[in-house]
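Visitor: Compact mmCIF, C-alpha atoms and all ligand atoms, saved as my_file23.txt, coming up:
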```txt
# COMPACT_ATOMS: atom_id res chain seq x y z
CA MET A 1 126.78 151.75 86.78
CA SER A 2 124.63 148.66 86.27
CA GLU A 3 121.29 148.17 87.94
CA VAL A 4 122.85 145.86 90.47
CA SER A 5 126.05 147.66 91.21
CA ALA A 6 123.83 150.72 91.73
CA ASN A 7 122.15 148.49 94.25
CA PHE A 8 125.43 148.39 96.10
CA SER A 9 125.56 151.65 97.97
CA GLY A 10 126.88 150.48 101.29
CA THR A 11 123.35 149.79 102.50
CA THR A 12 123.23 146.56 104.42
CA PRO A 13 120.48 143.96 104.37
CA THR A 14 117.80 144.20 107.04
CA VAL A 15 118.84 142.67 110.35
CA PRO A 16 115.98 140.76 111.96
CA GLU A 17 115.11 141.32 115.59
CA MET A 18 116.48 138.94 118.18
CA PRO A 19 113.78 136.31 118.70
CA ARG A 20 111.99 136.82 121.99
CA ASP A 21 110.86 133.25 122.48
CA ALA A 22 113.77 131.11 123.64
CA THR A 23 115.28 131.47 127.12
CA PRO A 24 114.28 135.11 127.45
CA SER A 25 115.62 135.14 130.98
CA LEU A 26 119.33 134.99 130.17
CA THR A 27 120.52 138.18 128.56
CA ASP A 28 123.50 140.40 129.20
CA THR A 29 123.44 144.05 130.28
CA LEU A 30 122.73 145.07 126.67
CA LEU A 31 119.87 142.52 126.41
CA ARG A 32 121.84 140.19 124.13
CA PRO A 33 121.04 136.48 124.49
CA LEU A 34 123.64 133.72 124.59
CA ARG A 35 123.32 131.77 121.33
CA ASP A 36 126.79 130.74 120.12
CA LEU A 37 129.65 129.00 121.82
CA ARG A 38 133.13 128.92 120.31
CA ILE A 39 135.47 126.38 121.77
CA SER A 40 139.24 126.58 121.29
CA VAL A 41 140.32 122.94 121.39
CA THR A 42 144.04 123.68 121.15
CA ASP A 43 146.25 126.76 121.29
CA ARG A 44 148.73 125.09 118.90
CA CYS A 45 148.87 125.50 115.15
CA ASN A 46 150.76 124.05 112.21
CA LEU A 47 150.88 127.51 110.57
CA ARG A 48 152.20 130.86 111.73
CA CYS A 49 149.92 133.38 110.02
CA THR A 50 151.41 136.83 110.36
CA TYR A 51 148.12 138.33 111.54
CA CYS A 52 147.50 135.69 114.20
CA MET A 53 150.60 133.79 115.40
CA PRO A 54 153.58 135.61 113.87
CA ARG A 55 156.84 133.63 114.16
CA ALA A 56 158.50 136.46 116.06
CA ALA A 57 156.07 135.91 118.93
CA PHE A 58 155.30 132.19 118.40
CA GLY A 59 158.77 130.81 117.68
CA ASN A 60 160.22 127.35 118.30
CA ASN A 61 160.49 127.99 122.01
CA HIS A 62 156.99 129.32 122.48
CA ALA A 63 155.39 127.94 125.63
CA PHE A 64 152.09 126.47 124.57
CA LEU A 65 149.77 125.17 127.27
CA PRO A 66 150.93 121.91 128.86
CA ARG A 67 148.63 118.99 128.11
CA ALA A 68 147.26 118.80 131.65
CA GLU A 69 145.94 122.36 131.33
CA LEU A 70 143.82 121.55 128.29
CA LEU A 71 140.24 120.57 128.86
CA SER A 72 139.70 116.91 128.03
CA PHE A 73 136.96 115.97 125.54
CA GLU A 74 134.84 114.78 128.47
CA GLU A 75 135.28 118.14 130.22
CA ILE A 76 134.47 120.05 127.04
CA GLY A 77 131.43 117.84 126.48
CA ARG A 78 130.13 118.43 129.99
CA LEU A 79 130.61 122.20 129.86
CA ALA A 80 129.10 122.44 126.37
CA GLY A 81 126.05 120.55 127.62
CA LEU A 82 125.61 123.14 130.39
CA PHE A 83 125.58 126.03 127.91
CA ILE A 84 122.63 124.58 125.98
CA PRO A 85 119.83 125.29 128.50
CA LEU A 86 121.15 128.84 128.68
CA GLY A 87 120.26 129.36 125.02
CA VAL A 88 123.19 128.09 122.94
CA GLN A 89 122.11 126.76 119.54
CA LYS A 90 125.43 126.58 117.74
CA ILE A 91 128.91 125.41 118.74
CA ARG A 92 132.02 126.16 116.71
CA LEU A 93 135.25 124.23 117.26
CA THR A 94 138.28 126.35 116.58
CA GLY A 95 141.70 127.16 117.97
CA GLY A 96 144.62 127.21 117.19
CA GLU A 97 144.17 124.55 114.56
CA PRO A 98 141.38 122.21 115.68
CA LEU A 99 142.49 119.37 113.39
CA LEU A 100 145.74 119.15 115.38
CA ARG A 101 143.78 117.90 118.39
CA ARG A 102 144.09 114.13 118.15
CA GLY A 103 140.79 112.30 117.74
CA ILE A 104 138.82 115.54 117.27
CA GLU A 105 136.07 113.57 115.51
CA ARG A 106 135.35 111.88 118.86
CA LEU A 107 134.57 115.29 120.36
CA VAL A 108 132.39 116.14 117.35
CA GLU A 109 130.48 112.92 117.89
CA MET A 110 129.94 113.73 121.58
CA LEU A 111 128.66 117.22 120.79
CA ALA A 112 126.53 116.16 117.83
CA GLY A 113 124.12 114.47 120.23
CA LEU A 114 123.20 117.77 121.93
CA ARG A 115 119.69 119.23 121.45
CA THR A 116 118.62 122.87 121.85
CA THR A 117 115.95 123.86 124.35
CA GLN A 118 113.49 123.64 121.41
CA GLY A 119 114.59 120.05 120.74
CA GLN A 120 116.52 120.82 117.55
CA PRO A 121 120.01 119.39 116.94
CA VAL A 122 122.71 121.83 118.05
CA GLU A 123 124.68 122.94 115.00
CA ILE A 124 128.32 121.85 115.30
CA ALA A 125 130.70 123.82 113.09
CA MET A 126 134.46 124.00 112.71
CA THR A 127 136.93 126.59 111.44
CA THR A 128 140.16 125.09 110.09
CA ASN A 129 143.15 126.17 108.05
CA GLY A 130 142.42 123.13 105.86
CA VAL A 131 145.97 121.73 105.90
CA LEU A 132 144.89 118.39 107.40
CA LEU A 133 141.34 118.46 106.08
CA ALA A 134 141.74 116.11 103.12
CA GLY A 135 142.43 113.23 105.49
CA LYS A 136 139.74 114.19 108.00
CA ALA A 137 136.72 115.51 106.09
CA GLN A 138 134.84 112.22 105.81
CA ALA A 139 135.45 111.27 109.45
CA LEU A 140 134.19 114.70 110.56
CA LYS A 141 131.07 114.36 108.44
CA ASP A 142 130.44 110.84 109.75
CA ALA A 143 130.88 112.09 113.32
CA GLY A 144 128.08 114.63 112.78
CA LEU A 145 129.87 117.90 112.01
CA SER A 146 127.24 120.20 110.46
CA ARG A 147 129.36 122.89 108.82
CA ILE A 148 132.93 123.66 107.93
CA THR A 149 134.75 126.92 107.30
CA VAL A 150 138.21 126.85 105.71
CA SER A 151 140.62 129.77 105.92
CA LEU A 152 142.50 130.64 102.73
CA ASP A 153 143.99 134.07 102.09
CA SER A 154 145.64 133.63 98.70
CA LEU A 155 145.88 131.38 95.66
CA THR A 156 149.43 132.47 94.85
CA GLU A 157 152.16 130.37 96.45
CA ALA A 158 154.49 133.26 97.29
CA THR A 159 151.78 135.36 98.93
CA PHE A 160 150.29 132.36 100.68
CA HIS A 161 153.64 131.33 102.15
CA ARG A 162 154.39 134.85 103.24
CA ILE A 163 151.06 135.03 105.10
CA ILE A 164 151.05 131.57 106.68
CA GLY A 165 154.74 131.62 107.62
CA ALA A 166 155.11 128.02 106.42
CA ASP A 167 155.86 126.03 103.32
CA VAL A 168 152.47 124.42 102.72
CA PRO A 169 151.26 124.44 99.09
CA VAL A 170 147.97 126.20 98.31
CA GLN A 171 146.90 122.96 96.65
CA THR A 172 146.88 121.18 100.02
CA VAL A 173 144.14 123.50 101.26
CA LEU A 174 142.24 123.29 97.95
CA GLU A 175 142.35 119.50 98.23
CA GLY A 176 140.99 119.80 101.78
CA ILE A 177 138.09 121.89 100.47
CA ALA A 178 137.46 119.37 97.67
CA ALA A 179 137.47 116.50 100.17
CA ALA A 180 134.96 118.37 102.33
CA GLN A 181 132.74 118.83 99.26
CA ARG A 182 132.96 115.13 98.46
CA ALA A 183 132.09 114.30 102.06
CA GLY A 184 128.88 116.29 101.61
CA PHE A 185 129.55 119.57 103.43
CA ALA A 186 127.49 122.29 101.73
CA PRO A 187 127.82 125.14 101.67
CA ILE A 188 131.48 125.34 102.63
CA LYS A 189 132.63 128.76 103.72
CA VAL A 190 136.08 130.05 102.83
CA ASN A 191 137.47 132.89 104.97
CA MET A 192 139.94 135.35 103.46
CA VAL A 193 141.49 137.96 105.76
CA VAL A 194 142.34 140.92 103.54
CA GLN A 195 145.40 143.00 104.36
CA ARG A 196 146.40 146.06 102.36
CA GLY A 197 149.71 145.58 100.57
CA VAL A 198 149.75 141.87 101.43
CA ASN A 199 146.89 140.14 99.61
CA ASP A 200 144.45 142.85 98.53
CA HIS A 201 145.53 142.21 94.93
CA GLU A 202 144.05 138.73 95.34
CA ILE A 203 140.48 139.81 96.04
CA MET A 204 139.41 139.34 92.40
CA PRO A 205 141.42 136.16 91.71
CA MET A 206 139.86 134.59 94.83
CA ALA A 207 136.40 135.82 93.85
CA GLU A 208 136.80 134.49 90.29
CA HIS A 209 138.15 131.14 91.49
CA PHE A 210 135.26 130.46 93.84
CA ARG A 211 132.68 131.77 91.34
CA ALA A 212 134.00 129.26 88.83
CA GLU A 213 133.97 126.62 91.53
CA HIS A 214 130.37 127.52 92.24
CA PHE A 215 129.37 127.08 88.59
CA HIS A 216 131.05 123.66 88.55
CA ASN A 217 130.35 122.18 91.97
CA GLY A 218 128.21 124.73 93.82
CA GLY A 219 128.15 125.45 97.46
CA ILE A 220 131.21 127.55 98.32
CA VAL A 221 130.75 130.94 99.96
CA LEU A 222 133.83 133.16 99.99
CA ARG A 223 133.86 135.59 102.89
CA PHE A 224 136.19 138.57 103.06
CA ILE A 225 137.23 139.52 106.59
CA GLU A 226 138.48 142.94 107.59
CA TYR A 227 141.87 142.55 109.24
CA MET A 228 141.32 142.89 113.00
CA ASP A 229 143.37 144.14 115.91
CA VAL A 230 143.11 140.86 117.82
CA GLY A 231 145.86 139.97 120.29
CA SER A 232 148.99 141.95 120.95
CA SER A 233 151.50 140.41 118.58
CA ASN A 234 150.41 141.15 115.01
CA GLY A 235 151.34 144.85 115.03
CA TRP A 236 147.92 145.78 113.57
CA ARG A 237 147.58 149.20 111.94
CA ILE A 238 144.33 150.73 110.69
CA ASP A 239 145.90 151.62 107.33
CA GLU A 240 146.36 147.89 106.64
CA VAL A 241 142.61 147.35 106.79
CA VAL A 242 140.83 147.04 103.46
CA THR A 243 137.25 147.92 104.26
CA ALA A 244 134.27 145.75 103.40
CA ARG A 245 132.98 148.60 101.28
CA GLN A 246 136.20 148.76 99.26
CA ILE A 247 136.09 145.00 98.76
CA LEU A 248 132.46 145.01 97.64
CA GLU A 249 133.06 147.94 95.28
CA GLN A 250 135.90 146.08 93.65
CA ILE A 251 133.77 143.00 93.13
CA ALA A 252 130.72 144.96 91.98
CA ASN A 253 132.90 146.61 89.32
CA HIS A 254 133.41 143.18 87.77
CA HIS A 255 130.18 141.38 88.62
CA PRO A 256 126.88 142.89 89.74
CA ILE A 257 125.91 141.75 93.23
CA ARG A 258 122.72 141.95 95.28
CA PRO A 259 122.31 141.97 99.07
CA VAL A 260 120.85 138.91 100.76
CA ASP A 261 119.05 139.03 104.10
CA PRO A 262 120.86 137.42 107.07
CA ALA A 263 120.10 133.76 107.63
CA TYR A 264 119.60 134.34 111.35
CA PRO A 265 119.74 137.20 113.87
CA GLY A 266 123.29 138.12 114.82
CA GLU A 267 124.89 136.68 111.67
CA VAL A 268 128.26 138.43 111.46
CA ALA A 269 128.75 138.23 107.70
CA GLU A 270 126.83 140.57 105.43
CA ARG A 271 125.71 138.41 102.55
CA TRP A 272 125.69 139.24 98.83
CA ARG A 273 124.80 137.20 95.76
CA TYR A 274 126.14 137.49 92.20
CA ALA A 275 123.29 138.56 89.96
CA ASP A 276 124.34 136.07 87.27
CA GLY A 277 124.01 133.01 89.51
CA GLY A 278 127.70 132.82 90.42
CA GLY A 279 126.90 132.04 94.03
CA GLU A 280 127.24 133.97 97.23
CA ILE A 281 129.92 136.03 98.94
CA GLY A 282 130.07 137.65 102.35
CA VAL A 283 131.95 140.40 104.11
CA ILE A 284 132.77 140.51 107.79
CA ALA A 285 133.15 144.18 108.56
CA ALA A 286 134.40 143.82 112.11
CA ILE A 287 136.26 147.11 111.94
CA THR A 288 134.07 149.44 109.88
CA ARG A 289 130.58 148.15 110.77
CA ALA A 290 130.89 146.68 114.24
CA PHE A 291 128.20 144.14 115.03
CA CYS A 292 128.48 144.15 118.83
CA HIS A 293 124.80 145.07 119.22
CA THR A 294 123.77 141.58 118.06
CA CYS A 295 126.80 139.65 119.35
CA SER A 296 125.60 136.51 121.10
CA ARG A 297 128.93 134.63 121.22
CA ALA A 298 130.71 133.20 124.22
CA ARG A 299 134.19 131.68 123.97
CA LEU A 300 135.65 128.82 125.92
CA SER A 301 139.45 128.93 125.87
CA THR A 302 141.68 125.88 125.55
CA ASP A 303 142.19 125.80 129.32
CA GLY A 304 138.57 126.30 130.24
CA LYS A 305 138.11 130.02 130.75
CA LEU A 306 134.91 131.67 129.64
CA TYR A 307 135.33 134.89 127.65
CA THR A 308 132.43 137.03 126.53
CA CYS A 309 134.31 138.98 123.85
CA LEU A 310 137.10 138.30 121.39
CA PHE A 311 138.84 141.31 122.86
CA ALA A 312 138.26 140.50 126.52
CA THR A 313 141.31 140.65 128.76
CA ARG A 314 139.93 138.41 131.51
CA GLY A 315 137.90 135.23 131.51
CA ALA A 316 135.97 133.31 134.17
CA ASP A 317 137.75 130.14 135.22
CA LEU A 318 135.41 127.16 134.74
CA ARG A 319 138.11 124.48 134.82
CA THR A 320 139.01 124.83 138.51
CA PRO A 321 135.48 124.33 139.86
CA LEU A 322 134.91 121.64 137.21
CA ARG A 323 137.96 119.68 138.39
CA GLN A 324 137.08 120.27 142.04
CA GLY A 325 133.82 118.42 141.46
CA ALA A 326 131.35 121.31 141.28
CA PRO A 327 127.82 120.11 140.48
CA ASP A 328 126.12 121.09 137.22
CA HIS A 329 123.91 123.75 138.80
CA ALA A 330 126.94 125.52 140.30
CA LEU A 331 128.76 125.60 136.95
CA THR A 332 125.61 126.74 135.15
CA GLY A 333 125.23 129.49 137.74
CA LEU A 334 128.79 130.65 137.10
CA ILE A 335 128.29 130.78 133.34
CA ALA A 336 124.93 132.54 133.64
CA SER A 337 126.17 135.16 136.10
CA HIS A 338 129.18 135.90 133.90
CA TRP A 339 126.88 136.39 130.90
CA ARG A 340 124.44 138.56 132.87
CA GLN A 341 127.29 140.93 133.76
CA ARG A 342 128.50 141.17 130.16
CA GLY A 343 128.68 144.64 128.67
CA ASP A 344 131.34 144.01 125.99
CA ARG A 345 131.21 146.03 122.80
CA TYR A 346 134.88 146.44 122.04
CA SER A 347 134.51 146.96 118.29
CA GLN A 348 131.95 149.71 118.75
CA LEU A 349 134.28 151.45 121.18
CA ARG A 350 137.48 150.58 119.28
CA HIS A 351 138.73 154.10 118.71
CA ALA A 352 138.23 155.21 122.30
CA ALA A 353 139.64 151.89 123.53
CA ALA A 354 142.75 152.22 121.38
CA GLU A 355 143.56 155.50 123.04
CA THR A 356 143.26 154.16 126.56
CA ALA A 357 144.25 150.52 126.14
CA SER A 358 147.15 149.35 128.22
CA ALA A 359 146.35 145.73 129.15
CA PRO A 360 147.69 143.23 126.59
CA LYS A 361 144.90 141.56 124.63
CA ILE A 362 144.39 137.80 124.57
CA GLU A 363 145.69 136.01 121.46
CA MET A 364 143.06 134.61 119.09
CA SER A 365 144.66 131.17 118.91
CA TYR A 366 144.06 130.74 122.65
CA ILE A 367 140.62 132.30 122.97
CA GLY A 368 139.28 130.77 119.74
CA GLY A 369 138.79 132.72 116.53
N1 LIG B 401 143.32 127.73 112.60
C1 LIG B 401 141.99 127.84 112.15
C2 LIG B 401 141.90 128.71 110.93
O1 LIG B 401 142.83 129.45 110.64
O2 LIG B 401 140.86 128.66 110.27
C3 LIG B 401 141.00 128.31 113.22
C4 LIG B 401 141.46 129.40 114.14
S1 LIG B 401 141.69 130.98 113.38
C5 LIG B 401 142.17 131.95 114.77
C6 LIG B 401 140.00 131.44 113.05
C7 LIG B 401 139.80 132.53 112.02
O3 LIG B 401 140.30 133.74 112.52
C8 LIG B 401 140.51 132.29 110.69
O4 LIG B 401 139.60 132.37 109.62
C9 LIG B 401 141.52 133.40 110.62
O5 LIG B 401 141.77 133.80 109.31
C10 LIG B 401 140.85 134.48 111.45
N2 LIG B 401 141.78 135.47 111.99
C11 LIG B 401 142.89 135.23 112.74
N3 LIG B 401 143.50 136.40 113.04
C12 LIG B 401 142.77 137.39 112.47
C13 LIG B 401 142.88 138.81 112.41
N4 LIG B 401 143.89 139.46 113.01
N5 LIG B 401 141.94 139.49 111.74
C14 LIG B 401 140.91 138.84 111.13
N6 LIG B 401 140.74 137.52 111.17
C15 LIG B 401 141.66 136.79 111.81
FE1 LIG B 402 146.89 129.08 112.86
FE2 LIG B 402 144.46 129.77 112.16
FE3 LIG B 402 145.99 131.47 113.51
FE4 LIG B 402 146.63 130.91 111.01
S1 LIG B 402 144.75 131.93 111.70
S2 LIG B 402 148.05 130.95 112.74
S3 LIG B 402 146.00 128.83 110.83
S4 LIG B 402 145.21 129.57 114.26
FE1 LIG B 403 131.23 140.53 120.04
FE2 LIG B 403 133.31 141.61 121.30
FE3 LIG B 403 133.39 141.26 118.64
FE4 LIG B 403 131.79 143.14 119.73
S1 LIG B 403 134.01 143.12 119.78
S2 LIG B 403 131.23 141.66 118.10
S3 LIG B 403 131.17 142.11 121.63
S4 LIG B 403 133.28 139.63 120.21
```
As structure tokens, please, write out the structure in this file.
Ligand code: SAM
Ligand code: SF4
Ligand code: SF4
Guide:
Amino acid sequence: MSEVSANFSGTTPTVPEMPRDATPSLTDTLLRPLRDLRISVTDRCNLRCTYCMPRAAFGNNHAFLPRAELLSFEEIGRLAGLFIPLGVQKIRLTGGEPLLRRGIERLVEMLAGLRTTQGQPVEIAMTTNGVLLAGKAQALKDAGLSRITVSLDSLTEATFHRIIGADVPVQTVLEGIAAAQRAGFAPIKVNMVVQRGVNDHEIMPMAEHFRAEHFHNGGIVLRFIEYMDVGSSNGWRIDEVVTARQILEQIANHHPIRPVDPAYPGEVAERWRYADGGGEIGVIAAITRAFCHTCSRARLSTDGKLYTCLFATRGADLRTPLRQGAPDHALTGLIASHWRQRGDRYSQLRHAAAETASAPKIEMSYIGG
């Protein structure tokens, strides 16, 4: 075992304490602050990934939300602005496929003007499947998008098509990533959900591809995500999960890697760097190393419900009071009281929950991945 692969023993980098300075007053029942807001801008998608929106459940007749139920950009902008004084420093636009929402760069532009309580620009990020990215990357950059994450689970056409349930070439997504690089996004994160028997044979090809990319262009971080039991339609089974440890061991067998400290408290990915300068990778061990204890994320669904956990079964309706003309302080009060009551730690309780669960879980495309 090399010096560096010996360094990989499942130990994780040190997690810094939650800062005690900003908005100390708003914490949940487990003393977690509210720092991140994920906004699902549409529940629709141009793909049908088997682990998220399988065709059997999201077929041609699937009833997506009618347009009138979606929050408008103005409504999203107003609500997002109310989350900031409560501690939010980062907003991620997601879905569904956010690039399907017409004029999404206008929303980015509206949000890019927000400032944190410390006067810093609020970071505006987006997660996309990359299919429409080539034509949008520059407009998103110009509108003020700070960061972009592209999902890509395979470089092999057959595997890719099997996973995404559609006939889009891998090259389309790679061109989207290249366009984002040209537009100046750096680093770009690439998310790969790893499923045993589906794409686990692609861990090394993906790692090698983005290492090579790093040596040529720099600035791409490949992140391996443990397949999660989100929603009720993907038929998740624990034996399909390839653990972060197994993924890292496989990579360390080919290239020595070293742990990197988290960039900020509550960062969900554990970061690693190739010892030879081949860039950085990350693992998101949502199943085997639950990170609920530092989870500071709230989610705003496409139709304006506030969820405090990816696995929550009920959200607080913000759209009704918003449309009935509630003043800012009333809406802020609703958000704050919902956060104060939060005790979610689904992933830490997963095994117990699985035995008792009966309520169907909310789909990720609606709540925002
Ligand atoms: N459509 C966009 C995309 O695919 O990037 C944004 C929404 S998608 C729900 C957000 C992220 O969730 C993607 O990176 C996707 O791979 C991930 N995801 C969806 N279902 C998942 C599951 N069951 N387990 C792990 N990650 C999942
Ligand atoms: Fe669509 Fe993203 Fe879900 Fe795939 S993971 S079906 S691209 S929302
Ligand atoms: Fe956060 Fe819920 Fe995921 Fe735990 S299970 S990390 S509380 S979203």
Visitor: Please, which residues in chain A fall within 6 Å of ligand LIG 401 (chain B) when counting all atoms listed in the file, and what is the closest atom pair and distance in Å to one decimal for each, ordered by chain then residue number, as CSV?
Guide:
```
residue,atom,partner,partner_atom,distance
A:Tyr51,CA,B:LIG401,N4,4.6
A:Cys52,CA,B:LIG401,N3,4.2
A:Thr94,CA,B:LIG401,C3,4.7
A:Gly95,CA,B:LIG401,C4,4.4
A:Gly96,CA,B:LIG401,N1,4.8
A:Glu97,CA,B:LIG401,N1,3.8
A:Thr127,CA,B:LIG401,O2,4.6
A:Thr128,CA,B:LIG401,O2,3.6
A:Asn129,CA,B:LIG401,C2,4.0
A:Val150,CA,B:LIG401,O2,5.6
A:Ser151,CA,B:LIG401,O2,4.5
A:Asn191,CA,B:LIG401,O4,5.1
A:Val193,CA,B:LIG401,C14,5.5
A:Ile225,CA,B:LIG401,C14,5.9
A:Glu226,CA,B:LIG401,C14,5.9
A:Tyr227,CA,B:LIG401,N5,4.0
A:Met228,CA,B:LIG401,N5,3.7
A:Asp229,CA,B:LIG401,N4,5.5
A:Val230,CA,B:LIG401,N4,5.1
A:Met364,CA,B:LIG401,C5,5.2
A:Ser365,CA,B:LIG401,C5,4.9
A:Gly368,CA,B:LIG401,C5,5.9
A:Gly369,CA,B:LIG401,C5,3.9
```
Visitor: Write out as a tab-separated table the residues of chain A that have any atom within 10 Å of an atom of ligand LIG 403 (chain B), one row each with the nearest atom pair and its distance in Å to one decimal, counting only C-alpha atoms and all ligand atoms, sorted by chain and then rising number.
Guide:
```
residue	atom	partner	partner_atom	distance
A:Arg32	CA	B:LIG403	S3	9.8
A:Met228	CA	B:LIG403	FE3	9.9
A:Val230	CA	B:LIG403	S1	9.6
A:Gly266	CA	B:LIG403	S2	9.3
A:Val268	CA	B:LIG403	S2	8.0
A:Ala286	CA	B:LIG403	FE3	7.1
A:Ile287	CA	B:LIG403	S1	9.1
A:Arg289	CA	B:LIG403	S2	9.8
A:Ala290	CA	B:LIG403	S2	6.3
A:Phe291	CA	B:LIG403	S2	5.0
A:Cys292	CA	B:LIG403	FE4	3.6
A:His293	CA	B:LIG403	FE4	7.3
A:Thr294	CA	B:LIG403	S2	7.5
A:Cys295	CA	B:LIG403	FE1	4.6
A:Ser296	CA	B:LIG403	FE1	7.0
A:Arg297	CA	B:LIG403	FE1	6.4
A:Ala298	CA	B:LIG403	S4	8.0
A:Arg299	CA	B:LIG403	S4	8.8
A:Tyr307	CA	B:LIG403	S4	9.1
A:Thr308	CA	B:LIG403	S4	6.9
A:Cys309	CA	B:LIG403	FE2	3.8
A:Leu310	CA	B:LIG403	S4	4.2
A:Phe311	CA	B:LIG403	FE2	5.8
A:Ala312	CA	B:LIG403	FE2	7.3
A:Arg342	CA	B:LIG403	S3	9.0
A:Gly343	CA	B:LIG403	S3	7.9
A:Asp344	CA	B:LIG403	S3	4.8
A:Arg345	CA	B:LIG403	S3	4.1
A:Tyr346	CA	B:LIG403	S1	4.1
A:Ser347	CA	B:LIG403	S1	4.1
A:Gln348	CA	B:LIG403	FE4	6.6
A:Leu349	CA	B:LIG403	S1	8.5
A:Arg350	CA	B:LIG403	S1	8.2
A:Gly369	CA	B:LIG403	S4	9.6
```
Visitor: Name the closest residue to ligand LIG 402 (chain B) among the candidates A:Asp261, A:Glu202, A:Glu363, A:Glu208; distances are taken between atoms, counting all atoms listed in the file.
Guide: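 The closest residue to ligand LIG 402 (chain B) is A:Glu363.
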Visitor: Residues at most 10 Å from stretch 114-126 of chain A, counting all atoms listed in the file, excluding those fewer than 3 positions away in the same chain, as an MDAnalysis selection string?
Guide: chainID A and resid 22:23 36:39 77 80:81 83:95 97:99 108:111 140 144:150
Visitor: Fewer than 5 positions away in the same chain doesn't count, so skip those; otherwise give me all residues within 9 Å of A:Leu107, counting all atoms listed in the file, as a list in words.
Guide: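 Skipping anything fewer than 5 positions along the chain leaves Phe73, Glu74, Ile76, Gly77, Ala112 and Ala143 of chain A.
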Visitor: Taking 5 positions as the minimum chain separation for residues in the same chain, which residues sit within 8 Å of A:Leu71 when counting only C-alpha atoms? Answer as an NGL selection string.
Guide: :A and (41 or 76 or 302-304 or 319)
Visitor: Grab the atom CA of A:His338 to atom CA of A:Leu65 distance for me, in Å with one decimal place.
Guide: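 Between these atoms lies a distance of 24.1 Å.
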Visitor: Measuring between only C-alpha atoms, which one of A:Ile362, A:Leu174, A:Ile247, A:Leu318 shows the shortest distance to A:Arg78?
Guide: A:Leu318
Visitor: List every protein, DNA or RNA residue with an atom no more than 10 Å from (157.9, 130.2, 107.1) in the file's coordinates, counting only C-alpha atoms, and format the result as a list in words.
Guide: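 Taken together, the residues in range are Leu47, Arg48, Cys49, Thr50, Pro54, Arg55, His161, Arg162, Ile163, Ile164, Gly165, Ala166, Asp167 and Val168 of chain A.
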Visitor: To one decimal place in Å, what is the distance between atom CA of A:Ile257 and atom CA of A:Lys189?
Guide: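 Separating atom CA of A:Ile257 from atom CA of A:Lys189 is a distance of 18.0 Å.
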Visitor: Please write N, CA and C atoms of stretch 27-38 of chain A, from the structure given just now, as an mmCIF file, in the first residue's frame.
Guide:
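See decode27.cif below for the written result:
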```
data_model
loop_
_atom_site.group_PDB
_atom_site.id
_atom_site.type_symbol
_atom_site.label_atom_id
_atom_site.label_comp_id
_atom_site.auth_asym_id
_atom_site.auth_seq_id
_atom_site.Cartn_x
_atom_site.Cartn_y
_atom_site.Cartn_z
ATOM 1 N N THR A 27 -32.090 28.641 15.217
ATOM 2 C CA THR A 27 -31.572 27.283 15.084
ATOM 3 C C THR A 27 -32.749 26.338 15.276
ATOM 4 N N ASP A 28 -32.568 25.102 14.833
ATOM 5 C CA ASP A 28 -33.639 24.122 14.999
ATOM 6 C C ASP A 28 -33.483 23.403 16.343
ATOM 7 N N THR A 29 -34.264 22.361 16.564
ATOM 8 C CA THR A 29 -34.233 21.714 17.879
ATOM 9 C C THR A 29 -32.897 21.016 18.133
ATOM 10 N N LEU A 30 -32.118 20.790 17.074
ATOM 11 C CA LEU A 30 -30.804 20.160 17.238
ATOM 12 C C LEU A 30 -29.686 21.201 17.089
ATOM 13 N N LEU A 31 -30.059 22.474 17.245
ATOM 14 C CA LEU A 31 -29.141 23.623 17.219
ATOM 15 C C LEU A 31 -28.462 23.839 15.871
ATOM 16 N N ARG A 32 -29.124 23.378 14.793
ATOM 17 C CA ARG A 32 -28.558 23.583 13.449
ATOM 18 C C ARG A 32 -29.105 24.884 12.859
ATOM 19 N N PRO A 33 -28.199 25.746 12.357
ATOM 20 C CA PRO A 33 -28.664 26.990 11.744
ATOM 21 C C PRO A 33 -29.242 26.744 10.355
ATOM 22 N N LEU A 34 -29.900 27.744 9.829
ATOM 23 C CA LEU A 34 -30.421 27.695 8.456
ATOM 24 C C LEU A 34 -29.428 28.426 7.557
ATOM 25 N N ARG A 35 -28.767 27.713 6.677
ATOM 26 C CA ARG A 35 -27.715 28.332 5.851
ATOM 27 C C ARG A 35 -27.974 28.197 4.347
ATOM 28 N N ASP A 36 -28.627 27.091 3.946
ATOM 29 C CA ASP A 36 -28.775 26.803 2.519
ATOM 30 C C ASP A 36 -30.244 26.688 2.163
ATOM 31 N N LEU A 37 -30.565 27.221 0.998
ATOM 32 C CA LEU A 37 -31.926 27.095 0.493
ATOM 33 C C LEU A 37 -31.868 26.467 -0.890
ATOM 34 N N ARG A 38 -32.588 25.369 -1.059
ATOM 35 C CA ARG A 38 -32.678 24.730 -2.386
ATOM 36 C C ARG A 38 -34.066 25.004 -2.936
#
```
